[in-house]
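Reviewing the structure listed below.
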Amino acid sequence: MTTIIGFDPSLSHSAAHWAPRADLLEGAVFGGYGTFAIKSEPKHFAHRLARLQEIRRQLLDHVHSITKKHGAGVMFVEGYAFGARNDRETLGEWGGQLRLTMFDLGWDVVEVAPGTLKKYVTGKGNAEKDGIRMEVLKRWRYESTDNNDADAYALMRLGFDWLRWRDGVQTTKALAETCAKLVVLRHDAKVELPQKKPKRRKLAGVPVNEHGIAI
């Protein structure tokens, strides 16, 4: 069984939808097996690191509980909006903590670019932010509470479509192209150092080793 989490990260309100694969029946209409939100306001914390620590604590509580009951799986997270102007550094710190925390709990991560998510849901990569929320209601009959919630739900649905595509289930050309572009960041990936070969230099036509000694 593979568990999927759709996660839309935000400093003030991160939203998540999750479900074990067995709970999504083909063609079923449902609001997700479970959902959770992580909320924080800067005025409640002495500094940004204290705020990040609390955000991470909430994430650990939720995901540890899911992992313990259903096992680890894959988190589909909305990627960084590189054009954002506000709180980019702190958002980057939160994004790093999010990904590494999931790795530590045994989860793989798939980053979905904002434009890719918009195209998956609406058919247009440059759709307005509210367009996802409206299309989520239209396509899946899920009435989201806000844009973050809608994004998280859409990411979960993309996760299950990706699972079916990976297993060879026939799908549309557009969806297959989207899924083929997604890269899984495995939590257990090994670091492979490049194998350097000694350079062979020539001295007056005579091959020498890296120390300049004729060979």
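Within each chain, counting starts at residue 1; across the structure tokens, chains are named A, B, ... in the order shown, with ligands numbered 1 upward in that order.
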What are the closest atom pairs, with distances in Å to one decimal, for each residue of stretch 85-163 of chain A lying within 9 Å of stretch 31-45 of chain A, using only C-alpha atoms, rows by chain and rising residue number, as CSV?
```
residue,atom,partner,partner_atom,distance
A:Trp140,CA,A:Gly31,CA,8.5
A:Arg141,CA,A:Gly31,CA,8.2
A:Tyr142,CA,A:Gly31,CA,5.8
A:Glu143,CA,A:Gly31,CA,8.3
A:Asp149,CA,A:Ala37,CA,8.5
A:Tyr153,CA,A:Gly32,CA,7.6
A:Met156,CA,A:Gly32,CA,8.4
```
Check: Using the chain letters and numbers from this document, which residues of chain A does DSSP assign to strand (DSSP E or B), as number ranges by chain?
Finding: A: 3-8, 13-20, 34-39, 74-78, 108-112, 184-185, 201-203, 206-208, 214
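One distance worth recording is that between atom CA of A:Thr145 and atom CA of A:Ala127, which is 19.3 Å.
Each of A:Arg56, A:Arg88, A:Arg166, A:Lys196 was compared to A:Leu100 using only C-alpha atoms, and A:Arg56 turns out to be the nearest.
Atom pair atom CA of A:Leu49 / atom CA of A:Leu91 has a distance of 11.7 Å (rounded to one decimal).
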Item checked: Spatial neighbours of stretch 66-77 of chain A, max dist 9 Å, only C-alpha atoms, sep filter under 5 positions, as a ChimeraX atom specification -> /A:1-9,18,20,61,99,102,105-113,152,155-156,158-159,184,186
Could the residues in this selection be saved with N, CA and C atoms as a PDB file, in the first residue's frame?
```
ATOM      1  N   MET A   1       0.848  -1.194   0.000  1.00  0.00           N
ATOM      2  CA  MET A   1       0.000   0.000   0.000  1.00  0.00           C
ATOM      3  C   MET A   1       0.881   1.239   0.000  1.00  0.00           C
ATOM      4  N   THR A   2       0.546   2.192  -0.829  1.00  0.00           N
ATOM      5  CA  THR A   2       1.279   3.450  -0.889  1.00  0.00           C
ATOM      6  C   THR A   2       0.385   4.584  -0.413  1.00  0.00           C
ATOM      7  N   THR A   3       0.878   5.353   0.524  1.00  0.00           N
ATOM      8  CA  THR A   3       0.126   6.501   1.012  1.00  0.00           C
ATOM      9  C   THR A   3       0.593   7.750   0.278  1.00  0.00           C
ATOM     10  N   ILE A   4      -0.353   8.572  -0.107  1.00  0.00           N
ATOM     11  CA  ILE A   4      -0.047   9.813  -0.819  1.00  0.00           C
ATOM     12  C   ILE A   4      -0.440  10.998   0.052  1.00  0.00           C
ATOM     13  N   ILE A   5       0.457  11.981   0.142  1.00  0.00           N
ATOM     14  CA  ILE A   5       0.135  13.254   0.789  1.00  0.00           C
ATOM     15  C   ILE A   5       0.277  14.357  -0.257  1.00  0.00           C
ATOM     16  N   GLY A   6      -0.744  15.178  -0.375  1.00  0.00           N
ATOM     17  CA  GLY A   6      -0.645  16.388  -1.168  1.00  0.00           C
ATOM     18  C   GLY A   6      -0.433  17.541  -0.199  1.00  0.00           C
ATOM     19  N   PHE A   7       0.633  18.303  -0.383  1.00  0.00           N
ATOM     20  CA  PHE A   7       1.012  19.311   0.613  1.00  0.00           C
ATOM     21  C   PHE A   7       1.297  20.647  -0.051  1.00  0.00           C
ATOM     22  N   ASP A   8       0.594  21.673   0.402  1.00  0.00           N
ATOM     23  CA  ASP A   8       0.824  23.032  -0.073  1.00  0.00           C
ATOM     24  C   ASP A   8       1.461  23.832   1.066  1.00  0.00           C
ATOM     25  N   PRO A   9       2.764  24.095   0.979  1.00  0.00           N
ATOM     26  CA  PRO A   9       3.460  24.748   2.095  1.00  0.00           C
ATOM     27  C   PRO A   9       3.244  26.258   2.142  1.00  0.00           C
ATOM     28  N   TRP A  18      -4.405  13.695   2.476  1.00  0.00           N
ATOM     29  CA  TRP A  18      -3.686  12.434   2.351  1.00  0.00           C
ATOM     30  C   TRP A  18      -4.661  11.263   2.323  1.00  0.00           C
ATOM     31  N   PRO A  20      -4.433   6.589   1.916  1.00  0.00           N
ATOM     32  CA  PRO A  20      -3.800   5.363   1.421  1.00  0.00           C
ATOM     33  C   PRO A  20      -4.370   5.065   0.044  1.00  0.00           C
ATOM     34  N   ASP A  61       4.161  15.783  14.190  1.00  0.00           N
ATOM     35  CA  ASP A  61       3.019  15.154  14.870  1.00  0.00           C
ATOM     36  C   ASP A  61       2.072  14.512  13.865  1.00  0.00           C
ATOM     37  N   ARG A  99      11.085  19.067   3.508  1.00  0.00           N
ATOM     38  CA  ARG A  99      11.586  17.963   2.707  1.00  0.00           C
ATOM     39  C   ARG A  99      12.480  17.020   3.501  1.00  0.00           C
ATOM     40  N   MET A 102      10.434  14.879   5.951  1.00  0.00           N
ATOM     41  CA  MET A 102       9.782  13.765   5.268  1.00  0.00           C
ATOM     42  C   MET A 102      10.789  12.655   4.971  1.00  0.00           C
ATOM     43  N   LEU A 105      11.444  10.582   7.986  1.00  0.00           N
ATOM     44  CA  LEU A 105      10.326   9.706   8.336  1.00  0.00           C
ATOM     45  C   LEU A 105      10.102   8.611   7.289  1.00  0.00           C
ATOM     46  N   GLY A 106      10.979   8.553   6.291  1.00  0.00           N
ATOM     47  CA  GLY A 106      10.906   7.478   5.306  1.00  0.00           C
ATOM     48  C   GLY A 106      10.064   7.760   4.085  1.00  0.00           C
ATOM     49  N   TRP A 107       9.715   9.019   3.838  1.00  0.00           N
ATOM     50  CA  TRP A 107       8.863   9.382   2.705  1.00  0.00           C
ATOM     51  C   TRP A 107       9.702   9.847   1.529  1.00  0.00           C
ATOM     52  N   ASP A 108       9.239   9.529   0.330  1.00  0.00           N
ATOM     53  CA  ASP A 108       9.806  10.113  -0.871  1.00  0.00           C
ATOM     54  C   ASP A 108       9.067  11.421  -1.165  1.00  0.00           C
ATOM     55  N   VAL A 109       9.690  12.273  -1.971  1.00  0.00           N
ATOM     56  CA  VAL A 109       9.125  13.594  -2.254  1.00  0.00           C
ATOM     57  C   VAL A 109       9.085  13.832  -3.755  1.00  0.00           C
ATOM     58  N   VAL A 110       7.969  14.358  -4.233  1.00  0.00           N
ATOM     59  CA  VAL A 110       7.844  14.802  -5.622  1.00  0.00           C
ATOM     60  C   VAL A 110       7.485  16.282  -5.593  1.00  0.00           C
ATOM     61  N   GLU A 111       8.331  17.105  -6.189  1.00  0.00           N
ATOM     62  CA  GLU A 111       8.070  18.537  -6.256  1.00  0.00           C
ATOM     63  C   GLU A 111       7.306  18.855  -7.539  1.00  0.00           C
ATOM     64  N   VAL A 112       6.198  19.560  -7.389  1.00  0.00           N
ATOM     65  CA  VAL A 112       5.353  19.903  -8.530  1.00  0.00           C
ATOM     66  C   VAL A 112       5.391  21.415  -8.714  1.00  0.00           C
ATOM     67  N   ALA A 113       5.904  21.857  -9.822  1.00  0.00           N
ATOM     68  CA  ALA A 113       5.982  23.297 -10.093  1.00  0.00           C
ATOM     69  C   ALA A 113       4.580  23.895 -10.121  1.00  0.00           C
ATOM     70  N   ALA A 152      -3.641  21.611  -2.111  1.00  0.00           N
ATOM     71  CA  ALA A 152      -3.252  20.366  -1.452  1.00  0.00           C
ATOM     72  C   ALA A 152      -4.097  19.197  -1.948  1.00  0.00           C
ATOM     73  N   LEU A 155      -2.995  18.292  -5.441  1.00  0.00           N
ATOM     74  CA  LEU A 155      -1.710  17.576  -5.391  1.00  0.00           C
ATOM     75  C   LEU A 155      -1.912  16.114  -5.010  1.00  0.00           C
ATOM     76  N   MET A 156      -2.840  15.838  -4.088  1.00  0.00           N
ATOM     77  CA  MET A 156      -3.129  14.453  -3.729  1.00  0.00           C
ATOM     78  C   MET A 156      -3.708  13.705  -4.923  1.00  0.00           C
ATOM     79  N   LEU A 158      -3.260  14.373  -8.071  1.00  0.00           N
ATOM     80  CA  LEU A 158      -2.163  14.170  -9.015  1.00  0.00           C
ATOM     81  C   LEU A 158      -1.308  12.987  -8.573  1.00  0.00           C
ATOM     82  N   GLY A 159      -1.106  12.865  -7.265  1.00  0.00           N
ATOM     83  CA  GLY A 159      -0.328  11.747  -6.749  1.00  0.00           C
ATOM     84  C   GLY A 159      -0.927  10.400  -7.114  1.00  0.00           C
ATOM     85  N   VAL A 184      10.954  11.788  -8.740  1.00  0.00           N
ATOM     86  CA  VAL A 184      10.823  11.324  -7.362  1.00  0.00           C
ATOM     87  C   VAL A 184      12.164  11.498  -6.645  1.00  0.00           C
ATOM     88  N   ARG A 186      14.031  10.323  -3.807  1.00  0.00           N
ATOM     89  CA  ARG A 186      13.944   9.186  -2.889  1.00  0.00           C
ATOM     90  C   ARG A 186      14.660   9.474  -1.581  1.00  0.00           C
TER      91      ARG A 186
END
```
Next item on the list: as a PyMOL selection string, list the residues of stretch 11-188 of chain A assigned to helix (DSSP H, G or I) by DSSP on the backbone atoms of this structure.
Entry: chain A and resi 21-23+42-44+48-70+88-104+114-122+129-140+147-166+173-181
Output the selection as a CSV table (one decimal), in the first residue's frame - C-alpha atoms for each residue.
```csv
chain,number,residue,atom,x,y,z
A,21,ARG,CA,-4.0,4.2,-2.2
A,22,ALA,CA,-6.6,1.6,-1.4
A,23,ASP,CA,-9.1,4.3,-0.4
A,42,PRO,CA,4.7,35.6,13.4
A,43,LYS,CA,3.3,37.7,16.3
A,44,HIS,CA,3.2,34.7,18.5
A,48,ARG,CA,11.6,33.3,12.9
A,49,LEU,CA,13.5,30.2,14.1
A,50,ALA,CA,11.1,29.8,17.0
A,51,ARG,CA,8.3,29.9,14.4
A,52,LEU,CA,9.9,27.4,12.1
A,53,GLN,CA,10.5,25.1,15.1
A,54,GLU,CA,6.8,25.1,15.9
A,55,ILE,CA,5.8,24.6,12.3
A,56,ARG,CA,8.1,21.6,12.1
A,57,ARG,CA,6.8,20.2,15.4
A,58,GLN,CA,3.2,20.2,14.0
A,59,LEU,CA,4.4,18.6,10.8
A,60,LEU,CA,6.1,15.8,12.8
A,61,ASP,CA,3.0,15.2,14.9
A,62,HIS,CA,0.8,14.8,11.8
A,63,VAL,CA,3.1,12.8,9.6
A,64,HIS,CA,4.4,10.5,12.3
A,65,SER,CA,0.9,9.5,13.2
A,66,ILE,CA,0.0,8.8,9.5
A,67,THR,CA,3.3,6.8,9.0
A,68,LYS,CA,2.8,4.7,12.1
A,69,LYS,CA,-0.7,3.7,11.0
A,70,HIS,CA,-0.4,3.4,7.2
A,88,ARG,CA,11.5,34.1,0.3
A,89,GLU,CA,14.3,33.3,2.6
A,90,THR,CA,12.1,32.0,5.4
A,91,LEU,CA,9.9,30.1,3.0
A,92,GLY,CA,13.1,28.5,1.7
A,93,GLU,CA,14.1,27.5,5.3
A,94,TRP,CA,10.6,26.0,5.8
A,95,GLY,CA,10.8,24.2,2.5
A,96,GLY,CA,14.1,22.6,3.4
A,97,GLN,CA,12.9,21.5,6.8
A,98,LEU,CA,9.7,20.1,5.2
A,99,ARG,CA,11.6,18.0,2.7
A,100,LEU,CA,14.3,16.7,5.1
A,101,THR,CA,11.7,15.9,7.8
A,102,MET,CA,9.8,13.8,5.3
A,103,PHE,CA,13.0,12.0,4.3
A,104,ASP,CA,13.8,11.3,8.0
A,114,PRO,CA,3.1,25.8,-9.6
A,115,GLY,CA,2.6,26.0,-13.4
A,116,THR,CA,2.5,22.2,-13.7
A,117,LEU,CA,-0.2,21.9,-11.0
A,118,LYS,CA,-2.3,24.6,-12.7
A,119,LYS,CA,-2.0,22.8,-16.0
A,120,TYR,CA,-3.0,19.5,-14.5
A,121,VAL,CA,-6.1,21.0,-12.9
A,122,THR,CA,-7.2,23.6,-15.3
A,129,LYS,CA,-4.8,31.1,-8.5
A,130,ASP,CA,-8.5,31.0,-7.9
A,131,GLY,CA,-9.0,28.9,-11.0
A,132,ILE,CA,-7.7,25.8,-9.2
A,133,ARG,CA,-10.2,26.1,-6.4
A,134,MET,CA,-13.1,26.4,-8.9
A,135,GLU,CA,-11.9,23.5,-11.0
A,136,VAL,CA,-11.4,21.3,-7.9
A,137,LEU,CA,-15.0,21.8,-7.1
A,138,LYS,CA,-16.1,21.2,-10.7
A,139,ARG,CA,-14.0,18.2,-11.4
A,140,TRP,CA,-14.0,16.4,-8.0
A,147,ASN,CA,-6.7,28.2,-2.2
A,148,ASN,CA,-4.1,26.4,-0.1
A,149,ASP,CA,-6.6,23.6,0.7
A,150,ALA,CA,-7.6,23.4,-3.0
A,151,ASP,CA,-3.9,23.1,-4.0
A,152,ALA,CA,-3.3,20.4,-1.5
A,153,TYR,CA,-6.3,18.4,-2.6
A,154,ALA,CA,-5.2,18.7,-6.3
A,155,LEU,CA,-1.7,17.6,-5.4
A,156,MET,CA,-3.1,14.5,-3.7
A,157,ARG,CA,-5.2,13.7,-6.8
A,158,LEU,CA,-2.2,14.2,-9.0
A,159,GLY,CA,-0.3,11.7,-6.7
A,160,PHE,CA,-2.9,9.0,-7.4
A,161,ASP,CA,-3.0,9.7,-11.1
A,162,TRP,CA,0.8,9.4,-11.1
A,163,LEU,CA,0.6,6.0,-9.2
A,164,ARG,CA,-1.8,4.7,-11.8
A,165,TRP,CA,0.4,6.0,-14.7
A,166,ARG,CA,3.4,4.4,-13.1
A,173,LYS,CA,-1.6,11.9,-23.5
A,174,ALA,CA,-1.6,15.2,-21.5
A,175,LEU,CA,-1.6,13.4,-18.1
A,176,ALA,CA,1.1,11.0,-19.3
A,177,GLU,CA,3.3,13.8,-20.3
A,178,THR,CA,2.8,15.6,-17.0
A,179,CYS,CA,3.6,12.4,-15.0
A,180,ALA,CA,6.6,11.6,-17.1
A,181,LYS,CA,8.2,15.0,-16.1
```
